[in-house]
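Trainee: Just so it is clear, I am handing over final-v3.pdb, which has PDB, C-alpha atoms.
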```pdb
ATOM      1  CA  MET A 125     161.954 109.604 166.648  1.00  0.00           C
ATOM      2  CA  LYS A 126     163.585 106.192 167.018  1.00  0.00           C
ATOM      3  CA  GLU A 127     162.123 105.763 170.521  1.00  0.00           C
ATOM      4  CA  ARG A 128     158.649 106.684 169.277  1.00  0.00           C
ATOM      5  CA  ARG A 129     158.844 104.142 166.445  1.00  0.00           C
ATOM      6  CA  LYS A 130     159.875 101.419 168.908  1.00  0.00           C
ATOM      7  CA  PHE A 131     157.096 102.459 171.307  1.00  0.00           C
ATOM      8  CA  LEU A 132     154.437 102.301 168.566  1.00  0.00           C
ATOM      9  CA  ASN A 133     155.786  98.973 167.332  1.00  0.00           C
ATOM     10  CA  ASP A 134     155.602  97.578 170.867  1.00  0.00           C
ATOM     11  CA  ILE A 135     151.974  98.689 171.177  1.00  0.00           C
ATOM     12  CA  LEU A 136     151.012  97.122 167.851  1.00  0.00           C
ATOM     13  CA  SER A 137     152.869  93.945 168.745  1.00  0.00           C
ATOM     14  CA  TYR A 138     150.889  93.669 171.980  1.00  0.00           C
ATOM     15  CA  PHE A 139     147.652  93.638 169.996  1.00  0.00           C
ATOM     16  CA  THR A 140     148.715  91.388 167.118  1.00  0.00           C
ATOM     17  CA  GLU A 141     150.907  88.966 169.073  1.00  0.00           C
ATOM     18  CA  ARG A 142     148.936  88.700 172.323  1.00  0.00           C
ATOM     19  CA  LEU A 143     145.503  90.305 172.581  1.00  0.00           C
ATOM     20  CA  PHE A 144     144.139  89.469 169.121  1.00  0.00           C
ATOM     21  CA  LEU A 145     145.254  85.838 169.478  1.00  0.00           C
ATOM     22  CA  ASN A 146     142.643  85.280 172.185  1.00  0.00           C
ATOM     23  CA  PRO A 147     140.346  82.540 170.781  1.00  0.00           C
ATOM     24  CA  ARG A 148     137.158  84.589 171.336  1.00  0.00           C
ATOM     25  CA  ILE A 149     138.615  87.757 169.840  1.00  0.00           C
ATOM     26  CA  LEU A 150     139.867  85.761 166.836  1.00  0.00           C
ATOM     27  CA  ALA A 151     136.336  84.449 166.305  1.00  0.00           C
ATOM     28  CA  ILE A 152     134.842  87.938 166.520  1.00  0.00           C
ATOM     29  CA  LEU A 153     137.430  89.433 164.171  1.00  0.00           C
ATOM     30  CA  GLN A 154     136.878  86.643 161.645  1.00  0.00           C
ATOM     31  CA  THR A 155     133.159  87.404 161.494  1.00  0.00           C
ATOM     32  CA  TYR A 156     133.752  91.091 160.690  1.00  0.00           C
ATOM     33  CA  GLU A 157     134.210  92.390 157.172  1.00  0.00           C
ATOM     34  CA  PHE A 158     137.451  94.255 157.784  1.00  0.00           C
ATOM     35  CA  ASN A 159     136.702  96.901 155.165  1.00  0.00           C
ATOM     36  CA  ASN A 160     133.188  97.732 156.328  1.00  0.00           C
ATOM     37  CA  GLU A 161     133.052  97.092 160.057  1.00  0.00           C
ATOM     38  CA  LEU A 162     136.466  98.176 161.273  1.00  0.00           C
ATOM     39  CA  HIS A 163     137.296 101.756 160.373  1.00  0.00           C
ATOM     40  CA  LEU A 164     141.058 101.540 159.985  1.00  0.00           C
ATOM     41  CA  GLU A 165     143.679 102.927 157.645  1.00  0.00           C
ATOM     42  CA  GLN A 166     144.489 100.776 154.617  1.00  0.00           C
ATOM     43  CA  GLU A 167     147.980  99.896 155.884  1.00  0.00           C
ATOM     44  CA  THR A 168     146.549  98.812 159.224  1.00  0.00           C
ATOM     45  CA  LEU A 169     143.898  96.668 157.540  1.00  0.00           C
ATOM     46  CA  LEU A 170     146.494  94.890 155.427  1.00  0.00           C
ATOM     47  CA  ASP A 171     148.742  94.357 158.435  1.00  0.00           C
ATOM     48  CA  LEU A 172     145.886  92.933 160.505  1.00  0.00           C
ATOM     49  CA  LYS A 173     144.765  90.609 157.720  1.00  0.00           C
ATOM     50  CA  THR A 174     148.308  89.299 157.397  1.00  0.00           C
ATOM     51  CA  LYS A 175     148.950  88.875 161.110  1.00  0.00           C
ATOM     52  CA  LEU A 176     145.530  87.430 161.912  1.00  0.00           C
ATOM     53  CA  ASN A 177     145.662  84.822 159.182  1.00  0.00           C
ATOM     54  CA  VAL A 178     144.747  81.967 161.506  1.00  0.00           C
ATOM     55  CA  SER A 179     146.673  78.761 161.052  1.00  0.00           C
ATOM     56  CA  ASP A 180     145.864  75.292 162.325  1.00  0.00           C
ATOM     57  CA  THR A 181     147.841  76.001 165.482  1.00  0.00           C
ATOM     58  CA  HIS A 182     145.398  78.697 166.654  1.00  0.00           C
ATOM     59  CA  PHE A 183     142.181  77.727 168.402  1.00  0.00           C
ATOM     60  CA  VAL A 184     139.215  79.880 167.389  1.00  0.00           C
ATOM     61  CA  ASP A 185     136.292  79.815 169.838  1.00  0.00           C
ATOM     62  CA  PHE A 186     133.082  80.618 167.966  1.00  0.00           C
ATOM     63  CA  GLU A 187     130.814  79.349 170.776  1.00  0.00           C
ATOM     64  CA  GLY A 188     132.254  81.110 173.810  1.00  0.00           C
ATOM     65  CA  PRO A 189     131.816  80.120 177.456  1.00  0.00           C
ATOM     66  CA  PHE A 190     128.006  80.049 177.370  1.00  0.00           C
ATOM     67  CA  LYS A 191     127.515  77.016 175.144  1.00  0.00           C
ATOM     68  CA  VAL A 192     123.890  75.917 175.258  1.00  0.00           C
TER      69      VAL A 192
END
```
As structure tokens, how would this structure be written, given the file I've shared?
Mentor:
Amino acid sequence: MKERRKFLNDILSYFTERLFLNPRILAILQTYEFNNELHLEQETLLDLKTKLNVSDTHFVDFEGPFKV
């Protein structure tokens, strides 16, 4: 059970500490209403809101690579 908990924590950490910090993904996630658009468990929603609370140190790219 301890190995499984570590494994699941490592997977979640990959998303919240690496993948979701991509500037484009941050922009997309900020435009979603977490409660309506993303169908997640309540604990997961709260965790994501906490971990994706963007500070001044994170760049959020709302325009993307195809700026006109």
Trainee: Between A:Pro189, A:Lys175, A:Glu165, A:Gln154, which is the closest to A:Ser137 once you count only C-alpha atoms?
Mentor: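 Smallest separation from A:Ser137 among the options: A:Lys175.
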Trainee: Could you state the separation of atom CA of A:Arg142 and atom CA of A:Glu127 in Å, given to one decimal place?
Mentor: 21.6 Å
Trainee: Grab the atom CA of A:Arg128 to atom CA of A:Glu141 distance for me, in Å with one decimal place.
Mentor: 19.3 Å
Trainee: Rounded to one decimal, what separation in Å do you get between atom CA of A:Phe190 and atom CA of A:Asn146?
Mentor: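 Those two atoms sit 16.4 Å apart.
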Trainee: Would you place a box with edges along x, y and z of the file around all atoms of stretch 167-175 of chain A listed there, add 8 Å to each of its six sides, and report the centre and edge lengths in Å to one decimal, as lines of an AutoDock Vina configuration file?
Mentor:
```
center_x = 146.4
center_y = 94.4
center_z = 158.3
size_x = 21.1
size_y = 27.0
size_z = 21.7
```
Trainee: With distances taken over all atoms listed in the file, which of A:Leu172, A:Phe186, A:Glu167, A:Lys126 is nearest to A:Phe144?
Mentor: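 Selected residue with least distance to A:Phe144: A:Leu172.
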Trainee: For this structure, which residues satisfy the selection - the PyMOL selection byres ((chain A and resi 176) around 8) - when it is evaluated on the file as given? I want them as a list of chain:residue names.
Mentor: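 When the PyMOL selection byres ((chain A and resi 176) around 8) is applied to the shown file, the picked residues are A:Thr140, A:Phe144, A:Leu145, A:Leu150, A:Leu172, A:Lys173, A:Thr174, A:Lys175, A:Asn177, A:Val178.
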Trainee: Applying the PyMOL selection byres ((chain A and resi 184) around 7) to the file I just gave you, which residues come out? Please list them as a list in words.
Mentor: Pro147, Arg148, Leu150, Ala151, His182, Phe183, Asp185 and Phe186 of chain A
